[in-house]
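Printed here is start_24.json (JSON, C-alpha atoms):
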[["chain", "number", "residue", "atom", "x", "y", "z"],
["S", 1, "MET", "CA", 120.36, 74.18, 116.53],
["S", 2, "THR", "CA", 117.80, 72.03, 114.65],
["S", 3, "PRO", "CA", 114.21, 73.05, 115.54],
["S", 4, "LEU", "CA", 111.76, 70.55, 116.99],
["S", 5, "VAL", "CA", 108.38, 70.98, 115.25],
["S", 6, "PHE", "CA", 105.06, 70.77, 117.11],
["S", 7, "SER", "CA", 101.59, 71.71, 115.89],
["S", 8, "SER", "CA", 98.09, 72.44, 117.08],
["S", 9, "THR", "CA", 95.50, 69.75, 116.34],
["S", 10, "ARG", "CA", 94.17, 71.16, 113.07],
["S", 11, "TYR", "CA", 97.58, 72.13, 111.70],
["S", 12, "ALA", "CA", 99.24, 68.73, 111.88],
["S", 13, "TYR", "CA", 99.12, 68.58, 108.05],
["S", 14, "LEU", "CA", 101.14, 71.78, 107.67],
["S", 15, "ALA", "CA", 103.68, 70.79, 110.32],
["S", 16, "ASP", "CA", 104.16, 67.50, 108.45],
["S", 17, "ARG", "CA", 104.71, 69.39, 105.18],
["S", 18, "LEU", "CA", 107.20, 71.70, 106.87],
["S", 19, "VAL", "CA", 109.07, 68.69, 108.25],
["S", 20, "ALA", "CA", 109.10, 67.17, 104.76],
["S", 21, "CYS", "CA", 110.73, 70.37, 103.43],
["S", 22, "THR", "CA", 113.34, 70.65, 106.16],
["S", 23, "ALA", "CA", 113.89, 67.19, 107.70],
["S", 24, "TRP", "CA", 113.45, 68.81, 111.11],
["S", 25, "PRO", "CA", 112.25, 66.36, 113.79],
["S", 26, "ARG", "CA", 108.58, 66.26, 114.82],
["S", 27, "GLY", "CA", 107.50, 66.73, 118.43],
["S", 28, "ASP", "CA", 104.76, 64.56, 119.92],
["S", 29, "VAL", "CA", 101.77, 65.75, 121.96],
["S", 30, "GLU", "CA", 99.25, 63.46, 123.64],
["S", 31, "ARG", "CA", 95.72, 64.83, 123.43],
["S", 32, "GLN", "CA", 92.26, 63.81, 124.54],
["S", 33, "ARG", "CA", 88.90, 65.30, 125.54],
["S", 34, "PHE", "CA", 87.19, 64.80, 128.85],
["S", 35, "PRO", "CA", 83.42, 64.10, 128.87],
["S", 36, "ASP", "CA", 82.67, 67.75, 129.69],
["S", 37, "GLY", "CA", 84.71, 68.95, 126.70],
["S", 38, "GLU", "CA", 87.79, 70.02, 128.63],
["S", 39, "LYS", "CA", 90.99, 69.42, 126.69],
["S", 40, "TYR", "CA", 93.96, 67.36, 127.91],
["S", 41, "GLN", "CA", 97.39, 67.98, 126.41],
["S", 42, "ARG", "CA", 100.75, 66.49, 127.38],
["S", 43, "VAL", "CA", 104.04, 67.29, 125.67],
["S", 44, "VAL", "CA", 105.61, 63.85, 125.26],
["S", 45, "THR", "CA", 108.86, 64.83, 123.52],
["S", 46, "ASP", "CA", 111.58, 66.27, 125.76],
["S", 47, "VAL", "CA", 112.01, 69.96, 124.88],
["S", 48, "ALA", "CA", 114.65, 70.94, 127.44],
["S", 49, "ASP", "CA", 117.35, 73.06, 125.78],
["S", 50, "ARG", "CA", 115.69, 72.64, 122.36],
["S", 51, "ASP", "CA", 114.81, 75.19, 119.71],
["S", 52, "VAL", "CA", 111.02, 74.66, 119.41],
["S", 53, "LEU", "CA", 108.61, 75.63, 116.65],
["S", 54, "ILE", "CA", 104.81, 75.46, 116.99],
["S", 55, "VAL", "CA", 102.60, 75.58, 113.87],
["S", 56, "GLY", "CA", 98.99, 76.62, 114.44],
["S", 57, "GLY", "CA", 96.41, 79.11, 113.22],
["S", 58, "THR", "CA", 94.04, 81.13, 115.39],
["S", 59, "LEU", "CA", 90.96, 79.68, 113.71],
["S", 60, "ASP", "CA", 88.77, 80.18, 116.77],
["S", 61, "GLU", "CA", 89.09, 80.65, 120.52],
["S", 62, "ASP", "CA", 89.72, 76.96, 121.14],
["S", 63, "ALA", "CA", 92.55, 76.92, 118.59],
["S", 64, "THR", "CA", 94.09, 80.08, 120.04],
["S", 65, "CYS", "CA", 94.01, 78.69, 123.57],
["S", 66, "GLU", "CA", 95.52, 75.43, 122.34],
["S", 67, "ILE", "CA", 98.51, 77.33, 120.96],
["S", 68, "TYR", "CA", 98.84, 79.40, 124.13],
["S", 69, "ASP", "CA", 98.66, 76.38, 126.45],
["S", 70, "LEU", "CA", 101.09, 74.34, 124.37],
["S", 71, "ALA", "CA", 103.60, 77.18, 124.06],
["S", 72, "SER", "CA", 103.45, 78.06, 127.75],
["S", 73, "THR", "CA", 104.02, 74.43, 128.73],
["S", 74, "ILE", "CA", 106.93, 74.02, 126.31],
["S", 75, "VAL", "CA", 108.68, 77.13, 127.63],
["S", 76, "GLY", "CA", 108.04, 75.94, 131.19],
["S", 77, "ALA", "CA", 109.67, 72.62, 130.29],
["S", 78, "GLY", "CA", 112.91, 74.39, 129.41],
["S", 79, "ALA", "CA", 112.78, 75.16, 125.68],
["S", 80, "TYR", "CA", 115.87, 77.04, 124.51],
["S", 81, "ARG", "CA", 113.81, 79.34, 122.28],
["S", 82, "LEU", "CA", 110.28, 79.41, 120.87],
["S", 83, "THR", "CA", 108.90, 80.22, 117.42],
["S", 84, "LEU", "CA", 105.15, 80.40, 116.73],
["S", 85, "VAL", "CA", 104.17, 79.93, 113.08],
["S", 86, "ILE", "CA", 100.65, 81.30, 112.61],
["S", 87, "PRO", "CA", 99.77, 80.90, 108.89],
["S", 88, "TYR", "CA", 96.29, 82.31, 109.43],
["S", 89, "TYR", "CA", 95.64, 84.99, 112.06],
["S", 90, "GLY", "CA", 91.90, 84.79, 112.42],
["S", 91, "TYR", "CA", 90.88, 88.08, 114.04],
["S", 92, "SER", "CA", 91.21, 90.43, 111.09],
["S", 93, "THR", "CA", 87.55, 91.54, 111.07],
["S", 94, "MET", "CA", 87.97, 93.23, 114.43],
["S", 95, "GLU", "CA", 91.39, 94.78, 113.86],
["S", 96, "ARG", "CA", 90.21, 98.26, 114.88],
["S", 97, "SER", "CA", 87.32, 99.93, 116.64],
["S", 98, "VAL", "CA", 84.77, 102.06, 114.81],
["S", 99, "HIS", "CA", 82.39, 102.78, 117.68],
["S", 100, "PRO", "CA", 83.25, 103.52, 121.32],
["S", 101, "GLY", "CA", 83.55, 100.42, 123.47],
["S", 102, "GLU", "CA", 84.17, 97.93, 120.66],
["S", 103, "VAL", "CA", 86.62, 95.16, 121.48],
["S", 104, "VAL", "CA", 89.60, 95.08, 119.10],
["S", 105, "THR", "CA", 89.96, 91.31, 119.18],
["S", 106, "ALA", "CA", 93.03, 91.27, 116.92],
["S", 107, "LYS", "CA", 94.86, 93.34, 119.53],
["S", 108, "THR", "CA", 93.62, 91.52, 122.65],
["S", 109, "ARG", "CA", 94.53, 88.11, 121.21],
["S", 110, "ALA", "CA", 97.96, 89.43, 120.19],
["S", 111, "ARG", "CA", 98.44, 90.55, 123.78],
["S", 112, "LEU", "CA", 97.44, 87.10, 124.98],
["S", 113, "LEU", "CA", 100.06, 85.42, 122.79],
["S", 114, "SER", "CA", 102.58, 88.07, 123.82],
["S", 115, "SER", "CA", 102.11, 86.96, 127.45],
["S", 116, "ILE", "CA", 103.49, 83.46, 126.75],
["S", 117, "PRO", "CA", 106.49, 83.08, 129.09],
["S", 118, "GLU", "CA", 109.76, 83.91, 127.37],
["S", 119, "ALA", "CA", 112.15, 81.09, 126.49],
["S", 120, "SER", "CA", 115.74, 81.59, 127.59],
["S", 121, "ARG", "CA", 116.79, 82.80, 124.11],
["S", 122, "GLY", "CA", 113.55, 84.51, 123.18],
["S", 123, "ASN", "CA", 110.17, 84.10, 121.46],
["S", 124, "ARG", "CA", 109.06, 85.10, 117.98],
["S", 125, "VAL", "CA", 105.96, 84.75, 115.80],
["S", 126, "PHE", "CA", 105.71, 84.33, 112.01],
["S", 127, "LEU", "CA", 102.50, 85.65, 110.41],
["S", 128, "LEU", "CA", 101.44, 85.20, 106.76],
["S", 129, "ASP", "CA", 99.72, 87.85, 104.60],
["S", 130, "LEU", "CA", 97.88, 89.68, 107.35],
["S", 131, "HIS", "CA", 94.61, 91.26, 106.26],
["S", 132, "VAL", "CA", 95.83, 94.48, 107.84],
["S", 133, "GLY", "CA", 99.58, 94.88, 108.21],
["S", 134, "THR", "CA", 99.35, 96.93, 111.40],
["S", 135, "ILE", "CA", 98.23, 93.78, 113.26],
["S", 136, "ALA", "CA", 101.93, 92.86, 113.41],
["S", 137, "HIS", "CA", 102.42, 95.80, 115.76],
["S", 138, "TYR", "CA", 99.82, 94.55, 118.23],
["S", 139, "PHE", "CA", 102.23, 91.94, 119.58],
["S", 140, "GLU", "CA", 104.04, 93.24, 122.62],
["S", 141, "GLY", "CA", 107.02, 92.85, 124.93],
["S", 142, "ALA", "CA", 109.80, 90.47, 124.00],
["S", 143, "LEU", "CA", 107.79, 88.62, 121.31],
["S", 144, "ARG", "CA", 109.43, 89.42, 117.96],
["S", 145, "THR", "CA", 107.13, 89.59, 114.94],
["S", 146, "VAL", "CA", 107.93, 88.51, 111.36],
["S", 147, "HIS", "CA", 105.34, 89.23, 108.65],
["S", 148, "VAL", "CA", 105.86, 86.84, 105.73],
["S", 149, "TYR", "CA", 104.43, 87.90, 102.39],
["S", 150, "GLY", "CA", 103.06, 85.19, 100.09],
["S", 151, "LYS", "CA", 104.06, 87.11, 96.94],
["S", 152, "PRO", "CA", 106.13, 84.26, 95.41],
["S", 153, "ILE", "CA", 103.17, 81.88, 95.62],
["S", 154, "VAL", "CA", 100.69, 84.45, 94.31],
["S", 155, "THR", "CA", 102.79, 85.60, 91.36],
["S", 156, "ALA", "CA", 103.60, 82.03, 90.29],
["S", 157, "ALA", "CA", 99.91, 81.08, 90.43],
["S", 158, "ALA", "CA", 98.88, 84.23, 88.54],
["S", 159, "ARG", "CA", 101.35, 83.53, 85.76],
["S", 160, "ARG", "CA", 100.19, 79.92, 85.51],
["S", 161, "LEU", "CA", 96.53, 80.94, 85.31],
["S", 162, "GLY", "CA", 96.86, 84.05, 83.18],
["S", 163, "GLY", "CA", 99.66, 83.14, 80.80],
["S", 164, "ALA", "CA", 101.65, 85.88, 79.08],
["S", 165, "ASP", "CA", 98.85, 88.44, 78.67],
["S", 166, "PHE", "CA", 96.34, 89.10, 81.45],
["S", 167, "VAL", "CA", 95.10, 91.74, 83.87],
["S", 168, "LEU", "CA", 95.72, 91.31, 87.60],
["S", 169, "ALA", "CA", 92.68, 92.60, 89.44],
["S", 170, "CYS", "CA", 91.33, 93.03, 92.96],
["S", 171, "THR", "CA", 87.91, 93.06, 94.53],
["S", 172, "ASP", "CA", 87.94, 96.73, 95.55],
["S", 173, "ALA", "CA", 90.14, 99.81, 95.77],
["S", 174, "GLY", "CA", 91.22, 98.87, 99.30],
["S", 175, "ARG", "CA", 93.62, 96.22, 97.94],
["S", 176, "ALA", "CA", 94.71, 98.28, 94.92],
["S", 177, "LYS", "CA", 98.20, 99.19, 96.21],
["S", 178, "TRP", "CA", 99.11, 95.58, 96.95],
["S", 179, "VAL", "CA", 97.72, 94.32, 93.62],
["S", 180, "GLU", "CA", 99.56, 97.09, 91.78],
["S", 181, "SER", "CA", 102.81, 95.92, 93.40],
["S", 182, "LEU", "CA", 102.13, 92.35, 92.29],
["S", 183, "ALA", "CA", 101.17, 93.49, 88.78],
["S", 184, "ASN", "CA", 104.39, 95.50, 88.46],
["S", 185, "ASP", "CA", 106.42, 92.43, 89.38],
["S", 186, "LEU", "CA", 104.54, 90.42, 86.75],
["S", 187, "GLY", "CA", 104.72, 93.14, 84.10],
["S", 188, "VAL", "CA", 100.94, 93.20, 83.56],
["S", 189, "PRO", "CA", 98.20, 95.85, 84.02],
["S", 190, "ALA", "CA", 96.33, 96.17, 87.32],
["S", 191, "ALA", "CA", 92.61, 96.80, 87.76],
["S", 192, "PHE", "CA", 90.13, 97.33, 90.55],
["S", 193, "VAL", "CA", 86.42, 98.00, 90.85],
["S", 194, "TYR", "CA", 84.75, 101.09, 92.22],
["S", 195, "LYS", "CA", 82.03, 100.47, 94.81],
["S", 196, "ARG", "CA", 79.30, 102.60, 96.30],
["S", 197, "ARG", "CA", 77.66, 101.78, 99.62],
["S", 198, "VAL", "CA", 73.88, 101.55, 99.19],
["S", 199, "ASP", "CA", 73.11, 100.99, 102.87],
["S", 200, "GLY", "CA", 74.73, 99.47, 105.94],
["S", 201, "ASP", "CA", 74.78, 95.97, 104.47],
["S", 202, "THR", "CA", 74.89, 96.47, 100.71],
["S", 203, "THR", "CA", 77.39, 97.82, 98.19],
["S", 204, "GLU", "CA", 77.15, 98.04, 94.42],
["S", 205, "VAL", "CA", 79.87, 98.16, 91.77],
["S", 206, "THR", "CA", 79.89, 101.40, 89.79],
["S", 207, "GLY", "CA", 82.88, 100.92, 87.51],
["S", 208, "VAL", "CA", 86.15, 99.22, 86.60],
["S", 209, "SER", "CA", 89.47, 101.10, 86.71],
["S", 210, "ALA", "CA", 91.20, 99.53, 83.68],
["S", 211, "GLU", "CA", 90.44, 98.16, 80.23],
["S", 212, "VAL", "CA", 89.72, 94.44, 80.53],
["S", 213, "ARG", "CA", 87.74, 93.87, 77.31],
["S", 214, "GLY", "CA", 89.00, 90.79, 75.50],
["S", 215, "LYS", "CA", 91.44, 90.03, 78.35],
["S", 216, "ARG", "CA", 91.96, 87.22, 80.81],
["S", 217, "VAL", "CA", 91.51, 88.54, 84.35],
["S", 218, "VAL", "CA", 93.07, 87.04, 87.49],
["S", 219, "ILE", "CA", 91.56, 88.45, 90.69],
["S", 220, "TYR", "CA", 93.70, 88.48, 93.84],
["S", 221, "ASP", "CA", 92.50, 89.02, 97.41],
["S", 222, "ASP", "CA", 94.24, 88.16, 100.66],
["S", 223, "MET", "CA", 91.33, 85.97, 101.75],
["S", 224, "ILE", "CA", 88.09, 84.46, 100.52],
["S", 225, "ARG", "CA", 85.42, 84.02, 103.14],
["S", 226, "THR", "CA", 81.95, 83.48, 101.69],
["S", 227, "GLY", "CA", 83.04, 84.90, 98.33],
["S", 228, "GLY", "CA", 80.43, 87.66, 98.08],
["S", 229, "SER", "CA", 82.92, 90.43, 97.25],
["S", 230, "LEU", "CA", 84.81, 88.14, 94.89],
["S", 231, "VAL", "CA", 81.68, 87.24, 92.92],
["S", 232, "SER", "CA", 80.54, 90.89, 92.69],
["S", 233, "ALA", "CA", 83.92, 91.94, 91.36],
["S", 234, "ALA", "CA", 84.01, 89.05, 88.86],
["S", 235, "ARG", "CA", 80.60, 90.06, 87.52],
["S", 236, "ALA", "CA", 81.88, 93.61, 87.02],
["S", 237, "TYR", "CA", 84.93, 92.39, 85.09],
["S", 238, "ARG", "CA", 82.80, 90.05, 83.00],
["S", 239, "ASP", "CA", 80.36, 92.85, 82.21],
["S", 240, "ALA", "CA", 83.34, 95.01, 81.23],
["S", 241, "GLY", "CA", 84.34, 92.41, 78.63],
["S", 242, "ALA", "CA", 86.75, 90.00, 80.35],
["S", 243, "VAL", "CA", 86.89, 86.72, 78.42],
["S", 244, "ALA", "CA", 88.07, 84.51, 81.28],
["S", 245, "ILE", "CA", 88.31, 84.99, 85.04],
["S", 246, "ASP", "CA", 90.28, 83.09, 87.71],
["S", 247, "ALA", "CA", 90.89, 83.95, 91.35],
["S", 248, "ILE", "CA", 93.76, 83.67, 93.81],
["S", 249, "ALA", "CA", 93.72, 84.17, 97.57],
["S", 250, "THR", "CA", 96.27, 83.45, 100.28],
["S", 251, "HIS", "CA", 93.67, 82.33, 102.82],
["S", 252, "GLY", "CA", 90.68, 80.20, 101.84],
["S", 253, "ILE", "CA", 88.21, 80.32, 104.76],
["S", 254, "LEU", "CA", 85.18, 79.13, 102.77],
["S", 255, "PRO", "CA", 82.58, 78.30, 105.45],
["S", 256, "GLY", "CA", 79.55, 76.16, 104.66],
["S", 257, "ASP", "CA", 78.83, 75.77, 100.96],
["S", 258, "SER", "CA", 80.77, 78.89, 99.93],
["S", 259, "ILE", "CA", 82.99, 77.22, 97.37],
["S", 260, "GLU", "CA", 80.02, 75.43, 95.76],
["S", 261, "ARG", "CA", 78.18, 78.73, 95.44],
["S", 262, "ILE", "CA", 81.25, 80.42, 93.92],
["S", 263, "ARG", "CA", 81.60, 77.59, 91.41],
["S", 264, "ALA", "CA", 77.89, 77.64, 90.58],
["S", 265, "THR", "CA", 78.11, 81.24, 89.33],
["S", 266, "GLY", "CA", 80.03, 79.97, 86.30],
["S", 267, "LEU", "CA", 82.25, 83.06, 86.48],
["S", 268, "PHE", "CA", 85.51, 81.35, 87.34],
["S", 269, "GLY", "CA", 87.75, 78.84, 85.64],
["S", 270, "LYS", "CA", 89.72, 78.08, 88.81],
["S", 271, "VAL", "CA", 90.26, 79.37, 92.32],
["S", 272, "VAL", "CA", 93.75, 78.99, 93.83],
["S", 273, "VAL", "CA", 94.43, 79.34, 97.56],
["S", 274, "THR", "CA", 97.16, 78.18, 99.94],
["S", 275, "ASP", "CA", 97.01, 75.63, 102.73],
["S", 276, "SER", "CA", 97.22, 78.36, 105.38],
["S", 277, "HIS", "CA", 93.73, 77.35, 106.53],
["S", 278, "PRO", "CA", 92.67, 73.72, 107.05],
["S", 279, "ARG", "CA", 89.27, 74.34, 105.46],
["S", 280, "ALA", "CA", 90.93, 74.89, 102.08],
["S", 281, "VAL", "CA", 92.82, 71.61, 102.43],
["S", 282, "GLU", "CA", 89.56, 69.79, 103.16],
["S", 283, "LEU", "CA", 87.87, 71.30, 100.06],
["S", 284, "ALA", "CA", 90.67, 70.89, 97.50],
["S", 285, "SER", "CA", 89.34, 69.81, 94.10],
["S", 286, "ASP", "CA", 89.79, 70.31, 90.37],
["S", 287, "PHE", "CA", 88.16, 73.74, 90.84],
["S", 288, "LEU", "CA", 89.86, 74.74, 94.12],
["S", 289, "GLU", "CA", 93.62, 74.31, 93.81],
["S", 290, "VAL", "CA", 95.62, 74.46, 97.04],
["S", 291, "GLU", "CA", 99.30, 75.45, 97.10],
["S", 292, "SER", "CA", 101.40, 74.73, 100.18],
["S", 293, "VAL", "CA", 103.06, 77.56, 102.10],
["S", 294, "ALA", "CA", 105.47, 75.11, 103.76],
["S", 295, "PRO", "CA", 108.43, 75.80, 101.39],
["S", 296, "LEU", "CA", 107.99, 79.57, 101.77],
["S", 297, "LEU", "CA", 107.79, 79.33, 105.56],
["S", 298, "ALA", "CA", 110.80, 77.01, 105.65],
["S", 299, "GLU", "CA", 112.82, 79.53, 103.64],
["S", 300, "HIS", "CA", 111.96, 82.37, 106.03],
["S", 301, "LEU", "CA", 112.53, 80.26, 109.12],
["S", 302, "HIS", "CA", 115.99, 79.39, 107.81],
["S", 303, "THR", "CA", 117.00, 82.95, 106.93],
["S", 304, "THR", "CA", 115.19, 85.39, 109.24],
["S", 305, "SER", "CA", 117.30, 86.85, 112.01],
["S", 306, "TRP", "CA", 116.10, 86.68, 115.57],
["S", 307, "ALA", "CA", 116.61, 90.43, 115.67],
["S", 308, "ALA", "CA", 113.62, 91.05, 113.37],
["S", 309, "THR", "CA", 111.06, 93.41, 114.90],
["S", 310, "PRO", "CA", 107.75, 94.98, 113.81],
["S", 311, "THR", "CA", 109.63, 98.27, 113.28],
["S", 312, "THR", "CA", 112.04, 96.82, 110.71],
["S", 313, "LEU", "CA", 109.18, 95.00, 109.00],
["S", 314, "ALA", "CA", 107.23, 98.22, 108.63],
["S", 315, "ARG", "CA", 110.03, 99.52, 106.37],
["S", 316, "THR", "CA", 109.77, 96.49, 104.10],
["S", 317, "THR", "CA", 107.44, 97.16, 101.18],
["S", 318, "PRO", "CA", 105.45, 94.15, 99.87]]
As structure tokens, how would this structure be written, given the file I've shared?
Amino acid sequence: MTPLVFSSTRYAYLADRLVACTAWPRGDVERQRFPDGEKYQRVVTDVADRDVLIVGGTLDEDATCEIYDLASTIVGAGAYRLTLVIPYYGYSTMERSVHPGEVVTAKTRARLLSSIPEASRGNRVFLLDLHVGTIAHYFEGALRTVHVYGKPIVTAAARRLGGADFVLACTDAGRAKWVESLANDLGVPAAFVYKRRVDGDTTEVTGVSAEVRGKRVVIYDDMIRTGGSLVSAARAYRDAGAVAIDAIATHGILPGDSIERIRATGLFGKVVVTDSHPRAVELASDFLEVESVAPLLAEHLHTTSWAATPTTLARTTP
């Protein structure tokens, strides 16, 4: 059955790109705001007995509620089955508790989305390059979870930036295993920086794990927020003798003037991110290159069985 593609407000661009890749039909939603800020949504396209796909990221509470409301209404209108495509799951900072009483927002929002009524043939959610893989296990009940890895996009971008001879690096030891996996696929060395915490808010780089002198370095991280960790790592690689540095991230969050401040350091030739976050799309330039995840998502949507579960995904190494 051909899926009918809907989107949240800020992810219309990605739904359109997915439709362009697949020729799947686009669903229509009427939207407006009342004077007090309350949102009005009406599903215009008939979804009865249709396979429905909703594209939307959990950028903030309003975006999350928009997905929840739209999905619940579509199931209530008789959708045959429901697929949520969440390219950016935006609660990765609070994915676990450190102190008693802390709210694990990544888990509570996963529970919220898990409570969407079940379509007659089931619900599933596709997630892209989660900051912490265990978040996939926070979704509950009948909602099936598929964690899509952006490795094909990352490796292609790394090869384009680095050429035949470069070092694939990360911002800290926490991402070393994933970067090592990518480096092995590319046949290049991997590197990471050692950090020491100075106080509650400050860390300092104490060393680099591999020889980068005279080498091009491509730094990978799953996301760039303000770029503080990225810039610190780049300085360490430069000081260790790297001759050129570029950066790749799946998710470009980049609030405020973050990308301008990263560019102003003069450390980077280019930064490459995907269109998993609308902010990156808005900021695309000769310095910030944006690759679309639509073809990758389309491939997984075509081939992934409805029987996929968090348990089977946990056995799949990146």
Near stretch 166-188 of chain S, 10 Å: stretch 220-252 of chain S residue rows, closest pairs, all atoms listed in the file, as a Markdown table:
| residue | atom | partner | partner_atom | distance |
| --- | --- | --- | --- | --- |
| S:Tyr220 | CA | S:Cys170 | CA | 5.2 |
| S:Asp221 | CA | S:Cys170 | CA | 6.1 |
| S:Asp222 | CA | S:Arg175 | CA | 8.5 |
| S:Gly228 | CA | S:Thr171 | CA | 9.9 |
| S:Ser229 | CA | S:Thr171 | CA | 6.3 |
| S:Leu230 | CA | S:Thr171 | CA | 5.8 |
| S:Val231 | CA | S:Thr171 | CA | 8.7 |
| S:Ser232 | CA | S:Thr171 | CA | 7.9 |
| S:Ala233 | CA | S:Thr171 | CA | 5.2 |
| S:Ala234 | CA | S:Thr171 | CA | 8.0 |
| S:Ala236 | CA | S:Thr171 | CA | 9.6 |
| S:Tyr237 | CA | S:Ala169 | CA | 8.9 |
| S:Ala242 | CA | S:Val167 | CA | 9.2 |
| S:Ala244 | CA | S:Phe166 | CA | 9.5 |
| S:Ile245 | CA | S:Val167 | CA | 9.6 |
| S:Asp246 | CA | S:Leu168 | CA | 9.9 |
| S:Ala247 | CA | S:Ala169 | CA | 9.0 |
| S:Ile248 | CA | S:Cys170 | CA | 9.7 |
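Nearest to S:Leu296 of all the residues S:Val43, S:Ala156, S:Val148, S:Val85 is S:Val148, counting only C-alpha atoms.
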Non-local contacts of S:Thr73 (12 Å; only C-alpha atoms; under 4 positions in same chain excluded) as a count of residues only: 23
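With distances restricted to all atoms listed in the file, S:His302 is the closest residue to S:Leu18 from S:Tyr138, S:Gly162, S:Leu112, S:His302.
Across the structure, atom CA of S:Gly266 and atom CA of S:Ala164 are spaced 23.5 Å apart.
Each of S:Val19, S:Leu84, S:Leu14, S:Ala110 was compared to S:Gly122 using all atoms listed in the file, and S:Leu84 turns out to be the nearest.
Restricting the calculation to only C-alpha atoms, the smallest distance between S:Phe126 and any of S:Ala264, S:Val212, S:Ala284, S:Leu143 is found for S:Leu143.
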Calculate, to one decimal in Å, the centre and edge lengths of the box along x, y and z of the file that holds all listed atoms of stretch 85-100 of chain S with 5 Å of margin on each side, and present them as AutoDock Vina command-line options.
--center_x 93.3 --center_y 91.7 --center_z 115.1 --size_x 31.8 --size_y 33.6 --size_z 22.4
Long-range neighbours of S:Glu211 as a VMD selection string, 10 Å cut-off, all atoms listed in the file, 3 positions minimum in chain: chain S and resid 167 189 to 191 208 214 to 215 237 240 to 242
Closest of S:Gly269, S:Gly252, S:Pro278, S:Gly150 to S:Val293 - atom-to-atom distances counting only C-alpha atoms: S:Gly150
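A straight line drawn from atom CA of S:Val272 to atom CA of S:Arg160 is 10.6 Å long.
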Residues within 8 Å of S:Leu4, only C-alpha atoms, excluding chain neighbours under 5 positions, as a PyMOL selection string: chain S and resi 24-27+47+50-53
Polymer residues at most 7 Å from S:Thr105, all atoms listed in the file, same-chain spacing of 5 or more positions, as a count of residues only: 3
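When atom CA of S:Leu59 is paired with atom CA of S:Thr155, their separation reads 26.0 Å.
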Among listed residues S:Asp28, S:Asp49, S:Glu260, S:Asp16, nearest S:Thr2 (using only C-alpha atoms): S:Asp49
